[in-house]
Amino acid sequence: MNKTGYFTHPDCRKHEMGPGHPESPERLSAIDDRLLICGVADALDRREATAAALADVELAHGRNYVATLRGLTATLREEISAGGPSHVQLDPDTSMNIHTWDAALHAAGAALAATDAVIAGELENAFCAVRPPGHHACRDQAMGFCFLNNVAIAAKYALERHGLKRVAIVDFDVHHGNGTENIVAGDERILMVSFYQHPFYPVGGAQSDAANLVNVPVPAYTRGMEVRELIEMYWLPRLEEHRPEMIFISAGFDAHREDDMGQMGLVEQDYAWITMRIKDMARRFAQGRIVSCLEGGYDLSALGRSVEAHLRVLADL
């Protein structure tokens with residue numbers, strides 16, 4: 001049995017936010033193409049995600065917010081049939097088409113299905129190749145290309161539906177996971193560790209000094225060796241102290257030096273090293289249980305190579 005799952009769904013490619021938008025369906029194609037070419041795809045247990053149940057989505061999001069997103073989809077369909085626009089704009093860089101809601105439900109559903117399979121022992125770990133991404137989605141607000149917070153939903157689901165006592169969220173996107181912070185700040189069952197470029201989007205960076213958050217802001221042009229030192233200094237001691245029973249990863253690859261959505265200097269070997277440190281921690285405390293969800297990464301070549309490096313470690317290749 002392949003012990004690393006690969007969860008995705010065709011609906012994740014139907015969501016798009018207009019021509020030239022960096023968060024495009026081609027991101028998933030670039031990952032698939034790279035994994036096929038390098039042979040990593042053969043080592044993965046590929047599974048199609050089901051849509052998340054609304055009751056599970058509402059573990060991390062307000063009921064009124066969820067109803068609003070659903071309503072926007074219905075309104076958009078009516079407007080399109082009357083000759084109106086094909087998208088509804090939620091903020092300057094985040095918009096919905098008629099497929100966005102289904103894509104978001106399947107992205108969250110992938111994280112939940114991966115959580116189920118890993119906790120059941122069917123898989124040691126899993127990667128969710130999904131979009132839209134999630135870590136900027138707050139409890140009651142869509143922003144930064146994100147609608148539902150896939151990792152926060154899955155972390156809450158592991159605690160509430162599976163009875164785990166402690167989990168961790170690791171976020172290595174170039175942008176601060178403000179939505180995840182908004183949802184989990186103060187929940188002592190969840191330790192969130194992250195690094196991110198600062199100052200940068202979102203404005204202000206971290207908004208909370210809650211004890212369960214380990215935010216490590218770094219300046220533009222920070223390279224991999226400096227990030228590794230910060231992880232050793234700040235993340236690992238807190239993860240050891242927390243002893244998580246499962247680890248969730250917000251896997252953004254836009255801190256890569258070739259990605260012009262950020263100005264950091266990581267390369268594939270850095271993502272492999274970070275994944276090794278996370279995997280070591282998971283094997284010590286969490287029976288190896290990891291669910292990783294795609295966040296950012298917009299240079300298609302760098303994205304494909306970085307996901308390959310991440311998955312080679314997860315799958316022991």
# chains A, B, ... in the order shown; residues from 1 in each chain; ligands from 1
>>> select_by_dssp(residues="segment 166-289 of chain A", states="helix (DSSP H, G or I)", output="VMD selection string")
chain A and resid 178 to 184 224 to 242 268 to 285
>>> closest_atom_pairs(of="segment 169-251 of chain A", to="segment 137-161 of chain A", cutoff="10 Å", atoms="only C-alpha atoms", output="CSV")
residue,atom,partner,partner_atom,distance
A:Ile169,CA,A:Val151,CA,7.6
A:Val170,CA,A:Val151,CA,9.6
A:Asp171,CA,A:Val151,CA,9.6
A:His175,CA,A:Gly144,CA,9.5
A:Gly177,CA,A:Ala137,CA,8.5
A:Asn178,CA,A:Cys138,CA,7.2
A:Gly179,CA,A:Cys138,CA,3.9
A:Thr180,CA,A:Ala152,CA,5.9
A:Glu181,CA,A:Cys138,CA,8.1
A:Asn182,CA,A:Cys138,CA,5.8
A:Ile183,CA,A:Arg139,CA,5.7
A:Val184,CA,A:Ala152,CA,7.3
A:Asp187,CA,A:Lys156,CA,9.9
A:Arg189,CA,A:Leu159,CA,8.1
A:Ile190,CA,A:Ala155,CA,7.7
A:Tyr201,CA,A:Gly144,CA,8.6
A:Pro202,CA,A:Gly144,CA,8.0
A:Glu245,CA,A:Ala158,CA,9.6
A:Met246,CA,A:Ala158,CA,8.3
A:Ile247,CA,A:Ala155,CA,8.4
A:Phe248,CA,A:Val151,CA,6.5
A:Ile249,CA,A:Val151,CA,7.2
A:Ser250,CA,A:Val151,CA,6.6
A:Ala251,CA,A:Val151,CA,9.8
>>> residues_around(residues="segment 215-231 of chain A", least_positions_apart="5", cutoff="12 Å", atoms="only C-alpha atoms", output="VMD selection string")
chain A and resid 169 to 178 180 to 181 185 191 to 201 204 to 210 236 to 239 255 to 278
>>> closest_residue(among="A:Thr75, A:Asn125, A:Asn212, A:Gln89", to="Glu16 of chain A", atoms="only C-alpha atoms")
A:Gln89
>>> closest_residue(among="A:Pro92, A:Gly163, A:Gly39, A:Pro244", to="Phe285 of chain A", atoms="only C-alpha atoms")
A:Pro244
>>> closest_residue(among="A:Val40, A:Val57, A:Leu112, A:Val88", to="His162 of chain A", atoms="only C-alpha atoms")
A:Leu112
>>> atom_distance(atom1="atom CA of Thr8 of chain A", atom2="atom CA of Lys165 of chain A")
27.6 Å
>>> atom_distance(atom1="atom CA of Arg34 of chain A", atom2="atom CA of Asp11 of chain A")
20.3 Å
>>> closest_atom_pairs(of="segment 55-145 of chain A", to="segment 292-305 of chain A", cutoff="6 Å", atoms="only C-alpha atoms", output="CSV")
residue,atom,partner,partner_atom,distance
A:Phe127,CA,A:Ser292,CA,4.7
A:Cys128,CA,A:Cys293,CA,4.7
A:Ala129,CA,A:Leu294,CA,5.7
A:Pro133,CA,A:Glu295,CA,4.7
>>> write_last_selection(atoms="N, CA and C atoms", output="compact mmCIF listing (two decimals), in the first residue's frame")
# COMPACT_ATOMS: atom_id res chain seq x y z
N PHE A 127 -1.20 14.58 1.03
CA PHE A 127 -1.10 15.92 0.45
C PHE A 127 -2.38 16.19 -0.31
N CYS A 128 -2.93 17.37 -0.11
CA CYS A 128 -4.16 17.77 -0.80
C CYS A 128 -3.81 18.81 -1.86
N ALA A 129 -3.88 18.39 -3.13
CA ALA A 129 -3.63 19.28 -4.26
C ALA A 129 -4.95 19.95 -4.61
N PRO A 133 -7.06 28.07 -2.29
CA PRO A 133 -6.33 27.89 -1.03
C PRO A 133 -7.17 28.40 0.12
>>> residues_around(residues="His106 of chain A", least_positions_apart="4", cutoff="9 Å", atoms="only C-alpha atoms", output="PyMOL selection string")
chain A and resi 8-12+49-52+101-102+110-111+130-131
>>> atom_distance(atom1="atom CA of Trp235 of chain A", atom2="atom CA of Ala168 of chain A")
10.7 Å
>>> select_by_dssp(residues="segment 118-221 of chain A", states="strand (DSSP E or B)", output="number ranges by chain")
A: 125-128, 138, 141, 143, 146, 167-171, 190-197, 213-218
>>> closest_residue(among="A:Val118, A:Met281, A:Ala108, A:Ala113", to="His61 of chain A", atoms="only C-alpha atoms")
A:Ala108
>>> decode(residues="segment 107-129 of chain A", atoms="N, CA, C and O atoms", output="mmCIF file, in the first residue's frame")
data_model
loop_
_atom_site.group_PDB
_atom_site.id
_atom_site.type_symbol
_atom_site.label_atom_id
_atom_site.label_comp_id
_atom_site.auth_asym_id
_atom_site.auth_seq_id
_atom_site.Cartn_x
_atom_site.Cartn_y
_atom_site.Cartn_z
ATOM 1 N N ALA A 107 -12.217 21.344 -1.828
ATOM 2 C CA ALA A 107 -10.896 21.577 -1.239
ATOM 3 C C ALA A 107 -10.921 21.263 0.251
ATOM 4 O O ALA A 107 -10.042 20.558 0.781
ATOM 5 N N ALA A 108 -11.942 21.768 0.948
ATOM 6 C CA ALA A 108 -12.081 21.444 2.369
ATOM 7 C C ALA A 108 -12.364 19.958 2.560
ATOM 8 O O ALA A 108 -11.832 19.322 3.480
ATOM 9 N N GLY A 109 -13.176 19.390 1.661
ATOM 10 C CA GLY A 109 -13.486 17.965 1.750
ATOM 11 C C GLY A 109 -12.266 17.088 1.576
ATOM 12 O O GLY A 109 -12.160 16.020 2.200
ATOM 13 N N ALA A 110 -11.317 17.516 0.740
ATOM 14 C CA ALA A 110 -10.066 16.768 0.580
ATOM 15 C C ALA A 110 -9.305 16.719 1.896
ATOM 16 O O ALA A 110 -8.793 15.669 2.303
ATOM 17 N N ALA A 111 -9.242 17.876 2.586
ATOM 18 C CA ALA A 111 -8.533 17.915 3.865
ATOM 19 C C ALA A 111 -9.212 17.013 4.893
ATOM 20 O O ALA A 111 -8.536 16.339 5.689
ATOM 21 N N LEU A 112 -10.535 16.964 4.869
ATOM 22 C CA LEU A 112 -11.263 16.112 5.814
ATOM 23 C C LEU A 112 -11.107 14.633 5.467
ATOM 24 O O LEU A 112 -10.901 13.798 6.357
ATOM 25 N N ALA A 113 -11.201 14.299 4.187
ATOM 26 C CA ALA A 113 -11.023 12.897 3.778
ATOM 27 C C ALA A 113 -9.615 12.419 4.088
ATOM 28 O O ALA A 113 -9.408 11.274 4.516
ATOM 29 N N ALA A 114 -8.633 13.294 3.875
ATOM 30 C CA ALA A 114 -7.248 12.938 4.206
ATOM 31 C C ALA A 114 -7.100 12.726 5.704
ATOM 32 O O ALA A 114 -6.424 11.783 6.152
ATOM 33 N N THR A 115 -7.744 13.571 6.495
ATOM 34 C CA THR A 115 -7.701 13.427 7.951
ATOM 35 C C THR A 115 -8.305 12.090 8.373
ATOM 36 O O THR A 115 -7.724 11.363 9.201
ATOM 37 N N ASP A 116 -9.450 11.749 7.808
ATOM 38 C CA ASP A 116 -10.086 10.460 8.114
ATOM 39 C C ASP A 116 -9.152 9.291 7.788
ATOM 40 O O ASP A 116 -8.982 8.368 8.596
ATOM 41 N N ALA A 117 -8.565 9.326 6.592
ATOM 42 C CA ALA A 117 -7.738 8.200 6.135
ATOM 43 C C ALA A 117 -6.468 8.063 6.956
ATOM 44 O O ALA A 117 -6.025 6.947 7.267
ATOM 45 N N VAL A 118 -5.879 9.182 7.341
ATOM 46 C CA VAL A 118 -4.646 9.139 8.133
ATOM 47 C C VAL A 118 -4.950 8.668 9.558
ATOM 48 O O VAL A 118 -4.237 7.822 10.110
ATOM 49 N N ILE A 119 -6.004 9.179 10.150
ATOM 50 C CA ILE A 119 -6.347 8.750 11.514
ATOM 51 C C ILE A 119 -6.753 7.278 11.530
ATOM 52 O O ILE A 119 -6.449 6.548 12.488
ATOM 53 N N ALA A 120 -7.406 6.813 10.462
ATOM 54 C CA ALA A 120 -7.804 5.402 10.384
ATOM 55 C C ALA A 120 -6.619 4.474 10.162
ATOM 56 O O ALA A 120 -6.760 3.248 10.276
ATOM 57 N N GLY A 121 -5.441 5.029 9.833
ATOM 58 C CA GLY A 121 -4.272 4.202 9.579
ATOM 59 C C GLY A 121 -4.189 3.681 8.160
ATOM 60 O O GLY A 121 -3.295 2.894 7.837
ATOM 61 N N GLU A 122 -5.090 4.126 7.269
ATOM 62 C CA GLU A 122 -5.012 3.720 5.859
ATOM 63 C C GLU A 122 -3.791 4.336 5.186
ATOM 64 O O GLU A 122 -3.222 3.758 4.269
ATOM 65 N N LEU A 123 -3.433 5.532 5.631
ATOM 66 C CA LEU A 123 -2.294 6.270 5.099
ATOM 67 C C LEU A 123 -1.477 6.803 6.262
ATOM 68 O O LEU A 123 -2.025 7.069 7.341
ATOM 69 N N GLU A 124 -0.172 6.946 6.044
ATOM 70 C CA GLU A 124 0.641 7.596 7.083
ATOM 71 C C GLU A 124 0.461 9.105 7.019
ATOM 72 O O GLU A 124 0.368 9.781 8.041
ATOM 73 N N ASN A 125 0.410 9.633 5.807
ATOM 74 C CA ASN A 125 0.277 11.072 5.611
ATOM 75 C C ASN A 125 -0.388 11.326 4.269
ATOM 76 O O ASN A 125 -0.634 10.386 3.501
ATOM 77 N N ALA A 126 -0.689 12.590 3.989
ATOM 78 C CA ALA A 126 -1.392 12.909 2.754
ATOM 79 C C ALA A 126 -1.111 14.346 2.344
ATOM 80 O O ALA A 126 -0.843 15.220 3.188
ATOM 81 N N PHE A 127 -1.199 14.576 1.035
ATOM 82 C CA PHE A 127 -1.099 15.918 0.455
ATOM 83 C C PHE A 127 -2.379 16.189 -0.309
ATOM 84 O O PHE A 127 -2.848 15.338 -1.069
ATOM 85 N N CYS A 128 -2.934 17.371 -0.109
ATOM 86 C CA CYS A 128 -4.163 17.768 -0.798
ATOM 87 C C CYS A 128 -3.813 18.810 -1.864
ATOM 88 O O CYS A 128 -3.460 19.955 -1.534
ATOM 89 N N ALA A 129 -3.885 18.392 -3.125
ATOM 90 C CA ALA A 129 -3.627 19.285 -4.263
ATOM 91 C C ALA A 129 -4.946 19.954 -4.612
ATOM 92 O O ALA A 129 -5.706 19.465 -5.453
#
